[in-house]
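Novice: What follows is start.cif; its format and atoms are mmCIF, C-alpha atoms and all ligand atoms.
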data_input
loop_
_atom_site.label_atom_id
_atom_site.label_comp_id
_atom_site.auth_asym_id
_atom_site.auth_seq_id
_atom_site.Cartn_x
_atom_site.Cartn_y
_atom_site.Cartn_z
CA MET Q 1 0.00 0.00 0.00
CA THR Q 2 1.35 3.43 -0.91
CA ALA Q 3 1.85 6.30 1.52
CA GLN Q 4 -1.14 8.05 0.03
CA SER Q 5 -3.40 5.06 0.49
CA LYS Q 6 -2.32 4.79 4.12
CA LEU Q 7 -3.07 8.46 4.62
CA SER Q 8 -6.44 7.94 3.07
CA GLN Q 9 -7.08 4.97 5.38
CA ASN Q 10 -6.10 6.94 8.43
CA LEU Q 11 -8.09 9.93 7.39
CA ARG Q 12 -10.95 7.97 5.90
CA PRO Q 13 -13.22 10.13 7.91
CA VAL Q 14 -16.40 10.41 6.03
CA GLU Q 15 -19.19 8.10 5.18
CA ILE Q 16 -20.18 8.64 1.57
CA VAL Q 17 -23.95 8.67 1.51
CA VAL Q 18 -26.06 8.44 -1.65
CA ARG Q 19 -28.97 10.83 -1.26
CA GLN Q 20 -31.88 11.69 -3.51
CA PRO Q 21 -33.19 15.08 -2.45
CA ARG Q 22 -36.54 16.09 -3.92
CA LEU Q 23 -36.00 19.37 -5.70
CA ASP Q 24 -38.39 21.47 -7.74
CA TYR Q 25 -36.83 24.13 -9.95
CA THR Q 26 -40.02 25.70 -11.31
CA SER Q 27 -39.68 28.85 -9.20
CA VAL Q 28 -35.95 29.39 -9.85
CA PRO Q 29 -35.70 32.94 -11.27
CA LYS Q 30 -33.55 33.96 -14.22
CA TYR Q 31 -30.90 35.67 -12.09
CA TRP Q 32 -30.74 32.96 -9.48
CA PHE Q 33 -27.18 33.78 -8.33
CA ASP Q 34 -27.14 37.01 -6.29
CA ASN Q 35 -29.64 38.55 -8.74
CA ASP Q 36 -26.65 38.98 -11.03
CA PRO Q 37 -26.59 38.25 -14.80
CA PHE Q 38 -22.86 37.41 -15.03
CA LEU Q 39 -22.70 35.07 -12.03
CA SER Q 40 -26.01 33.41 -12.95
CA THR Q 41 -24.73 32.85 -16.49
CA LEU Q 42 -21.30 31.58 -15.44
CA PHE Q 43 -22.74 28.99 -13.07
CA SER Q 44 -25.55 28.07 -15.48
CA VAL Q 45 -22.85 27.31 -18.05
CA PHE Q 46 -20.94 25.31 -15.44
CA SER Q 47 -24.11 23.38 -14.62
CA ALA Q 48 -24.52 22.61 -18.34
CA THR Q 49 -21.15 20.83 -18.35
CA LEU Q 50 -21.95 18.65 -15.35
CA PRO Q 51 -24.28 15.85 -16.50
CA GLU Q 52 -21.97 14.63 -19.27
CA GLY Q 53 -18.90 15.25 -17.10
CA GLU Q 54 -20.29 13.21 -14.23
CA LYS Q 55 -21.30 10.37 -16.54
CA GLN Q 56 -17.70 10.35 -17.75
CA PHE Q 57 -16.37 10.22 -14.14
CA ILE Q 58 -18.52 7.14 -13.55
CA HIS Q 59 -17.35 5.56 -16.81
CA SER Q 60 -13.69 6.16 -15.96
CA LEU Q 61 -14.00 4.57 -12.51
CA ARG Q 62 -16.09 1.61 -13.68
CA HIS Q 63 -13.21 0.49 -15.84
CA PHE Q 64 -11.06 -0.07 -12.71
CA GLN Q 65 -13.81 -1.25 -10.37
CA LYS Q 66 -13.10 -4.98 -10.71
CA GLN Q 67 -9.40 -4.53 -10.01
CA ILE Q 68 -9.92 -2.87 -6.62
CA THR Q 69 -9.01 -5.27 -3.85
CA ASP Q 70 -9.56 -2.95 -0.87
CA PRO Q 71 -13.16 -3.57 0.29
CA VAL Q 72 -13.49 -0.08 1.79
CA LEU Q 73 -12.44 1.54 -1.46
CA GLN Q 74 -14.81 -0.80 -3.35
CA LYS Q 75 -17.68 0.47 -1.20
CA GLU Q 76 -16.58 4.07 -1.67
CA VAL Q 77 -16.48 3.67 -5.45
CA ARG Q 78 -20.04 2.31 -5.43
CA ALA Q 79 -21.15 5.31 -3.34
CA PHE Q 80 -19.22 7.69 -5.63
CA ILE Q 81 -21.02 6.26 -8.65
CA GLY Q 82 -24.38 6.59 -6.88
CA GLN Q 83 -23.73 10.20 -5.90
CA GLU Q 84 -22.48 11.28 -9.32
CA ALA Q 85 -25.40 9.56 -11.06
CA HIS Q 86 -27.86 11.57 -8.96
CA HIS Q 87 -25.87 14.78 -9.52
CA ALA Q 88 -26.01 14.24 -13.28
CA ARG Q 89 -29.76 13.61 -13.17
CA GLN Q 90 -30.56 16.60 -10.96
CA HIS Q 91 -28.40 18.91 -13.07
CA GLU Q 92 -30.29 17.73 -16.15
CA PHE Q 93 -33.55 18.87 -14.48
CA PHE Q 94 -31.90 22.11 -13.35
CA ASN Q 95 -30.52 22.65 -16.87
CA ASP Q 96 -34.01 22.19 -18.34
CA ARG Q 97 -35.17 25.06 -16.14
CA LEU Q 98 -32.13 27.15 -17.15
CA GLN Q 99 -32.95 26.57 -20.80
CA GLU Q 100 -36.54 27.69 -20.13
CA LEU Q 101 -35.18 30.83 -18.49
CA GLY Q 102 -33.25 31.71 -21.65
CA TYR Q 103 -29.80 30.25 -20.99
CA GLU Q 104 -28.69 28.28 -24.04
CA VAL Q 105 -27.42 25.20 -22.23
CA THR Q 106 -28.59 22.33 -24.44
CA GLU Q 107 -26.03 23.21 -27.11
CA LEU Q 108 -23.21 23.04 -24.56
CA GLN Q 109 -24.56 19.73 -23.21
CA ARG Q 110 -24.42 18.35 -26.77
CA ILE Q 111 -20.85 19.67 -27.23
CA MET Q 112 -19.80 18.05 -23.95
CA SER Q 113 -21.40 14.77 -24.97
CA GLU Q 114 -19.46 14.76 -28.27
CA LEU Q 115 -16.25 15.75 -26.49
CA PHE Q 116 -16.49 12.88 -24.01
CA ASP Q 117 -17.43 10.42 -26.77
CA ARG Q 118 -14.20 11.42 -28.51
CA LEU Q 119 -12.11 11.21 -25.32
CA ARG Q 120 -13.53 7.75 -24.56
CA SER Q 121 -12.49 6.48 -27.96
CA GLU Q 122 -9.08 8.17 -28.04
CA LEU Q 123 -7.74 8.05 -24.46
CA SER Q 124 -6.62 5.03 -22.49
CA PRO Q 125 -8.61 4.13 -19.35
CA GLN Q 126 -5.72 5.39 -17.26
CA ARG Q 127 -5.70 8.80 -18.94
CA GLN Q 128 -9.46 9.04 -18.59
CA LEU Q 129 -9.12 8.28 -14.88
CA ALA Q 130 -6.38 10.93 -14.58
CA MET Q 131 -8.80 13.47 -16.07
CA THR Q 132 -11.44 12.47 -13.54
CA VAL Q 133 -8.98 12.85 -10.66
CA CYS Q 134 -8.05 16.36 -11.85
CA ILE Q 135 -11.64 17.54 -12.37
CA GLU Q 136 -12.60 16.05 -9.01
CA HIS Q 137 -9.88 18.17 -7.45
CA PHE Q 138 -11.49 21.21 -9.08
CA THR Q 139 -14.89 20.31 -7.68
CA ALA Q 140 -13.34 19.74 -4.24
CA MET Q 141 -11.66 23.16 -4.40
CA MET Q 142 -14.94 24.78 -5.42
CA ALA Q 143 -16.75 22.97 -2.62
CA SER Q 144 -14.18 24.25 -0.16
CA PHE Q 145 -14.56 27.78 -1.55
CA PHE Q 146 -18.35 27.72 -1.14
CA LEU Q 147 -18.63 25.86 2.14
CA VAL Q 148 -15.47 26.80 4.02
CA LYS Q 149 -14.04 30.07 2.72
CA ARG Q 150 -17.16 31.95 1.60
CA PRO Q 151 -20.14 30.30 3.34
CA GLU Q 152 -22.25 33.45 2.92
CA ILE Q 153 -22.49 32.75 -0.81
CA ALA Q 154 -25.17 30.11 -0.22
CA ASP Q 155 -27.48 32.90 0.96
CA GLN Q 156 -27.05 34.61 -2.40
CA LEU Q 157 -28.60 31.65 -4.22
CA VAL Q 158 -32.36 31.51 -4.57
CA GLY Q 159 -34.59 28.60 -3.48
CA ALA Q 160 -33.94 25.28 -5.19
CA SER Q 161 -30.82 26.67 -6.87
CA ARG Q 162 -29.30 26.93 -3.39
CA ASP Q 163 -30.44 23.42 -2.48
CA ILE Q 164 -28.93 21.74 -5.56
CA TRP Q 165 -25.54 23.44 -5.10
CA VAL Q 166 -25.36 22.92 -1.33
CA TRP Q 167 -26.27 19.22 -1.68
CA HIS Q 168 -23.87 18.81 -4.60
CA VAL Q 169 -20.85 20.49 -3.00
CA ILE Q 170 -21.32 18.62 0.31
CA GLU Q 171 -21.21 15.33 -1.60
CA GLU Q 172 -18.24 16.49 -3.69
CA MET Q 173 -16.42 16.97 -0.38
CA GLU Q 174 -17.51 13.57 0.90
CA HIS Q 175 -16.14 11.70 -2.11
CA LYS Q 176 -13.24 13.98 -2.99
CA ALA Q 177 -10.56 11.31 -2.47
CA VAL Q 178 -12.25 8.35 -4.15
CA ALA Q 179 -11.04 8.77 -7.74
CA PHE Q 180 -7.64 9.82 -6.39
CA ASP Q 181 -7.31 6.66 -4.28
CA VAL Q 182 -8.28 4.44 -7.22
CA TYR Q 183 -5.67 6.19 -9.37
CA ASP Q 184 -3.11 5.96 -6.59
CA GLN Q 185 -3.65 2.23 -6.17
CA LEU Q 186 -4.13 1.11 -9.76
CA ALA Q 187 -2.66 3.53 -12.26
CA ASN Q 188 0.85 2.98 -13.44
CA ASP Q 189 2.13 6.53 -13.08
CA PRO Q 190 5.40 6.65 -11.16
CA GLY Q 191 6.00 10.09 -9.70
CA ARG Q 192 2.52 11.08 -10.88
CA ILE Q 193 4.05 12.75 -13.91
CA ARG Q 194 1.08 11.99 -16.12
CA LEU Q 195 -1.40 13.12 -13.48
CA ARG Q 196 0.29 16.49 -13.08
CA LEU Q 197 0.51 17.00 -16.81
CA THR Q 198 -3.18 16.14 -17.10
CA MET Q 199 -3.97 18.79 -14.49
CA VAL Q 200 -2.34 21.46 -16.64
CA ILE Q 201 -4.31 20.33 -19.71
CA VAL Q 202 -7.59 20.05 -17.79
CA THR Q 203 -7.11 23.54 -16.30
CA ALA Q 204 -6.67 25.05 -19.76
CA MET Q 205 -9.62 23.10 -21.20
CA MET Q 206 -11.99 23.97 -18.38
CA THR Q 207 -11.18 27.65 -18.09
CA GLY Q 208 -11.19 28.12 -21.87
CA ARG Q 209 -14.50 26.36 -22.39
CA LEU Q 210 -16.28 27.98 -19.44
CA SER Q 211 -15.07 31.48 -20.41
CA TRP Q 212 -16.04 31.09 -24.06
CA HIS Q 213 -19.52 29.72 -23.39
CA THR Q 214 -20.20 32.25 -20.64
CA TYR Q 215 -19.38 35.01 -23.12
CA LYS Q 216 -21.56 33.40 -25.81
CA VAL Q 217 -24.59 33.04 -23.50
CA LEU Q 218 -24.14 36.57 -22.10
CA LYS Q 219 -24.01 37.91 -25.66
CA ALA Q 220 -27.07 35.95 -26.76
CA ASN Q 221 -28.97 37.33 -23.77
CA GLY Q 222 -27.89 40.95 -24.41
CA GLU Q 223 -25.74 41.04 -21.26
CA SER Q 224 -22.26 41.11 -22.80
CA ARG Q 225 -22.06 44.89 -22.31
CA ASN Q 226 -23.50 44.88 -18.80
CA PHE Q 227 -20.21 46.19 -17.41
CA LYS Q 228 -21.45 46.57 -13.85
CA SER Q 229 -22.36 42.90 -13.67
CA ILE Q 230 -19.22 41.78 -15.53
CA ARG Q 231 -17.00 43.84 -13.20
CA ASN Q 232 -18.78 42.36 -10.19
CA GLY Q 233 -18.44 38.84 -11.60
CA LEU Q 234 -14.77 39.22 -12.47
CA LYS Q 235 -14.17 40.43 -8.91
CA PHE Q 236 -15.94 37.33 -7.62
CA VAL Q 237 -13.72 35.11 -9.75
CA PHE Q 238 -10.37 36.93 -9.75
CA GLY Q 239 -10.56 39.57 -6.99
CA LYS Q 240 -9.20 39.56 -3.46
CA GLY Q 241 -10.96 36.76 -1.56
CA GLY Q 242 -12.34 35.60 -4.92
CA MET Q 243 -12.60 32.07 -6.19
CA MET Q 244 -9.26 31.83 -8.04
CA ARG Q 245 -7.11 33.34 -5.31
CA SER Q 246 -8.86 31.26 -2.65
CA MET Q 247 -8.22 28.09 -4.60
CA SER Q 248 -4.63 28.83 -5.58
CA ARG Q 249 -2.92 27.11 -2.63
CA GLU Q 250 -5.05 23.98 -2.91
CA TYR Q 251 -4.44 23.98 -6.66
CA LEU Q 252 -0.66 24.13 -6.23
CA ASP Q 253 -0.76 21.48 -3.50
CA PHE Q 254 -2.01 19.03 -6.13
CA PHE Q 255 1.45 19.15 -7.73
CA LYS Q 256 3.28 18.12 -4.52
CA ARG Q 257 4.78 14.65 -4.47
CA ASP Q 258 2.88 13.51 -1.37
CA PHE Q 259 -0.42 15.23 -2.10
CA HIS Q 260 -3.65 13.62 -0.95
CA PRO Q 261 -7.10 15.31 -1.08
CA TRP Q 262 -7.74 14.82 2.64
CA GLN Q 263 -4.68 16.91 3.48
CA HIS Q 264 -7.25 19.67 3.04
CA ASP Q 265 -9.28 18.68 6.05
CA THR Q 266 -12.81 20.01 5.61
CA ARG Q 267 -14.58 17.55 7.90
CA ARG Q 268 -15.65 20.04 10.57
CA GLU Q 269 -17.26 22.49 8.14
CA MET Q 270 -18.86 19.66 6.21
CA GLU Q 271 -20.54 18.36 9.36
CA GLN Q 272 -21.79 21.87 10.17
CA TRP Q 273 -23.35 22.16 6.73
CA LYS Q 274 -24.90 18.72 6.96
CA ALA Q 275 -26.47 19.68 10.29
CA ALA Q 276 -27.76 22.98 8.89
CA TYR Q 277 -29.26 21.30 5.82
CA HIS Q 278 -30.35 18.02 7.42
CA GLU Q 279 -33.90 18.39 6.06
CA LEU Q 280 -32.56 18.60 2.51
CA LEU Q 281 -30.12 15.73 3.02
CA ASP Q 282 -32.18 13.28 5.11
FE FE O 1 -20.91 15.64 -8.74
FE FE O 2 -17.46 14.41 -7.85
#
Take the structure in the file and write it out as structure tokens.
Specialist:
Amino acid sequence: MTAQSKLSQNLRPVEIVVRQPRLDYTSVPKYWFDNDPFLSTLFSVFSATLPEGEKQFIHSLRHFQKQITDPVLQKEVRAFIGQEAHHARQHEFFNDRLQELGYEVTELQRIMSELFDRLRSELSPQRQLAMTVCIEHFTAMMASFFLVKRPEIADQLVGASRDIWVWHVIEEMEHKAVAFDVYDQLANDPGRIRLRLTMVIVTAMMTGRLSWHTYKVLKANGESRNFKSIRNGLKFVFGKGGMMRSMSREYLDFFKRDFHPWQHDTRREMEQWKAAYHELLD
């Protein structure tokens, strides 16, 4: 067993629970994120990428499922698959509402579907799993940003849009080490060279695609010259205390030789959120 696996065993702190919250998006308003066009568009675009992305995470783990000998990790992988399957389904419902509200998300969902079809046919199972590990680190960093560093943001989301993100990011925290542990145990990547390289590629792909589609949807909705909202949104993403700066240390930690996701210990905050939202999560 590697050092990372041992760390994961010692810190295996969290039960990964598959939940199916009942959510109804019919009253989600157009500017569901802080009544702001830019932020609502950016996270609507992000939501559009999720169903196909999460199906791909499941696909990439399933390939290795039979080779896992650790029974705890086996159980965690099953729970991971259950959680991601429900995330994908709920984000499809949420995306339907976003489309109704005037966000062009179905086109991006189709593009993502084609992209993952191509990646599945061109990349080896190990490279697909490396991509999953890297994107899972992004979702864990975002979860930590929302739940640990800027918990007040949840209050800026309206109704069921708050519920879907709170539920989703709590579960992203719960399962943040699962894909990593599978990779650590089964991928043949000495020194994690390939994993680190994949992180660089994934970062460029994700930021490029999200930026381009956010611009396209803003433009289509007549908001691409709403400078007040764009300034506010860019501050949220790049400003002091913003998403990028808050995530920078955790991002760089990924490149350390002995990195493991649970080195960022978010258990206490996660339990607080679970207690606060127990009605949603029960
Ligand atoms: Fe997810
Ligand atoms: Fe995830």
Novice: Using only C-alpha atoms, which residues sit within 8 Å of Asn221 of chain Q once same-chain residues fewer than 4 positions away are excluded, as a PyMOL selection string?
Specialist: chain Q and resi 102-103+217
Novice: Go ahead and dump the residues you just picked, C-alpha atoms, as a PDB file, in the frame of the given file.
Specialist:
ATOM      1  CA  GLY Q 102     -33.250  31.710 -21.650  1.00  0.00           C
ATOM      2  CA  TYR Q 103     -29.800  30.250 -20.990  1.00  0.00           C
ATOM      3  CA  VAL Q 217     -24.590  33.040 -23.500  1.00  0.00           C
TER       4      VAL Q 217
END
Novice: Between atom CA of Tyr277 of chain Q and atom CA of Leu234 of chain Q, what is the distance in Å, rounded to a tenth?
Specialist: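 According to the coordinates, atom CA of Tyr277 of chain Q and atom CA of Leu234 of chain Q are separated by 29.4 Å.
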Novice: For Glu172 of chain Q, work out the shell of residues within 10 Å, counting only C-alpha atoms and skipping chain neighbours fewer than 6 positions away, then give it as a PyMOL selection string.
Specialist: chain Q and resi 16+80+83-84+87+136-144+166
Novice: Residues around (-3.2, 1.5, -8.2), cut-off 12 Å, counting only C-alpha atoms - what are they as a list in words?
Specialist: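 The requested residues, written out, are Met1, Thr2, Ala3, Gln4, Ser5, Phe64, Gln65, Gln67, Ile68, Thr69, Asp70, Leu73, Gln126, Leu129, Ala130, Ala179, Phe180, Asp181, Val182, Tyr183, Asp184, Gln185, Leu186, Ala187, Asn188, Asp189, Pro190 and Arg192 of chain Q.
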Novice: Ligand FE 1 (chain O): which residues are within 10 Å, counting only C-alpha atoms and all ligand atoms? Reply as an MDAnalysis selection string.
Specialist: chainID Q and resid 50:51 53:55 57 80:88 90:91 136 139:140 165 167:173 175:176
Novice: Looking at all atoms listed in the file, which of Q:Met131, Q:Val14, Q:Ser27, Q:Val45 is the one that sits closest to Thr266 of chain Q?
Specialist: Q:Val14
Novice: To one decimal in Å, tell me the separation between atom CA of Gln128 of chain Q and atom CA of Met206 of chain Q.
Specialist: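 Computed distance, atom CA of Gln128 of chain Q to atom CA of Met206 of chain Q, equals 15.1 Å.
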Novice: Closest to ligand FE 2 (chain O) among Q:Arg78, Q:Leu42, Q:Glu174, Q:Gly191, using only C-alpha atoms and all ligand atoms?
Specialist: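 Nearest to ligand FE 2 (chain O): Q:Glu174.
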Novice: Quick one: of Q:Val72, Q:Leu197, Q:Ala160, Q:Cys134, who's nearest to ligand FE 2 (chain O), counting only C-alpha atoms and all ligand atoms?
Specialist: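 Among the listed residues, the smallest separation from ligand FE 2 (chain O) belongs to Q:Cys134.
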Novice: If I take atom CA of Asp36 of chain Q and atom CA of Ala275 of chain Q, how far is one from the other in Å, to one decimal?
Specialist: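 Value for the atom CA of Asp36 of chain Q-atom CA of Ala275 of chain Q distance: 28.8 Å.
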Novice: For Leu147 of chain Q, which of Q:Gly242, Q:Glu269, Q:Ser161, Q:Asp24 is the closest residue, counting all atoms listed in the file?
Specialist: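 Checking each of Q:Gly242, Q:Glu269, Q:Ser161, Q:Asp24 against Leu147 of chain Q, counting all atoms listed in the file, the winner is Q:Glu269.
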Novice: For ligand FE 2 (chain O), which of Q:Val178, Q:Phe236, Q:Glu92, Q:Gln99 is the closest residue, counting only C-alpha atoms and all ligand atoms?
Specialist: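 Ranking Q:Val178, Q:Phe236, Q:Glu92, Q:Gln99 by distance to ligand FE 2 (chain O), first place goes to Q:Val178.
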Novice: Which residue, Q:Leu252, Q:Leu23, Q:Ile153, Q:Met112, has the smallest gap to Arg97 of chain Q when you use all atoms listed in the file?
Specialist: Q:Leu23
Novice: Kindly list the centre and edge lengths in Å, rounded to one decimal, for the axis-aligned box that covers all listed atoms of segment 220-238 of chain Q plus 5 Å on each of its six sides, as AutoDock Vina command-line options.
Specialist:
--center_x -19.7 --center_y 40.8 --center_z -17.2 --size_x 28.6 --size_y 21.5 --size_z 29.1
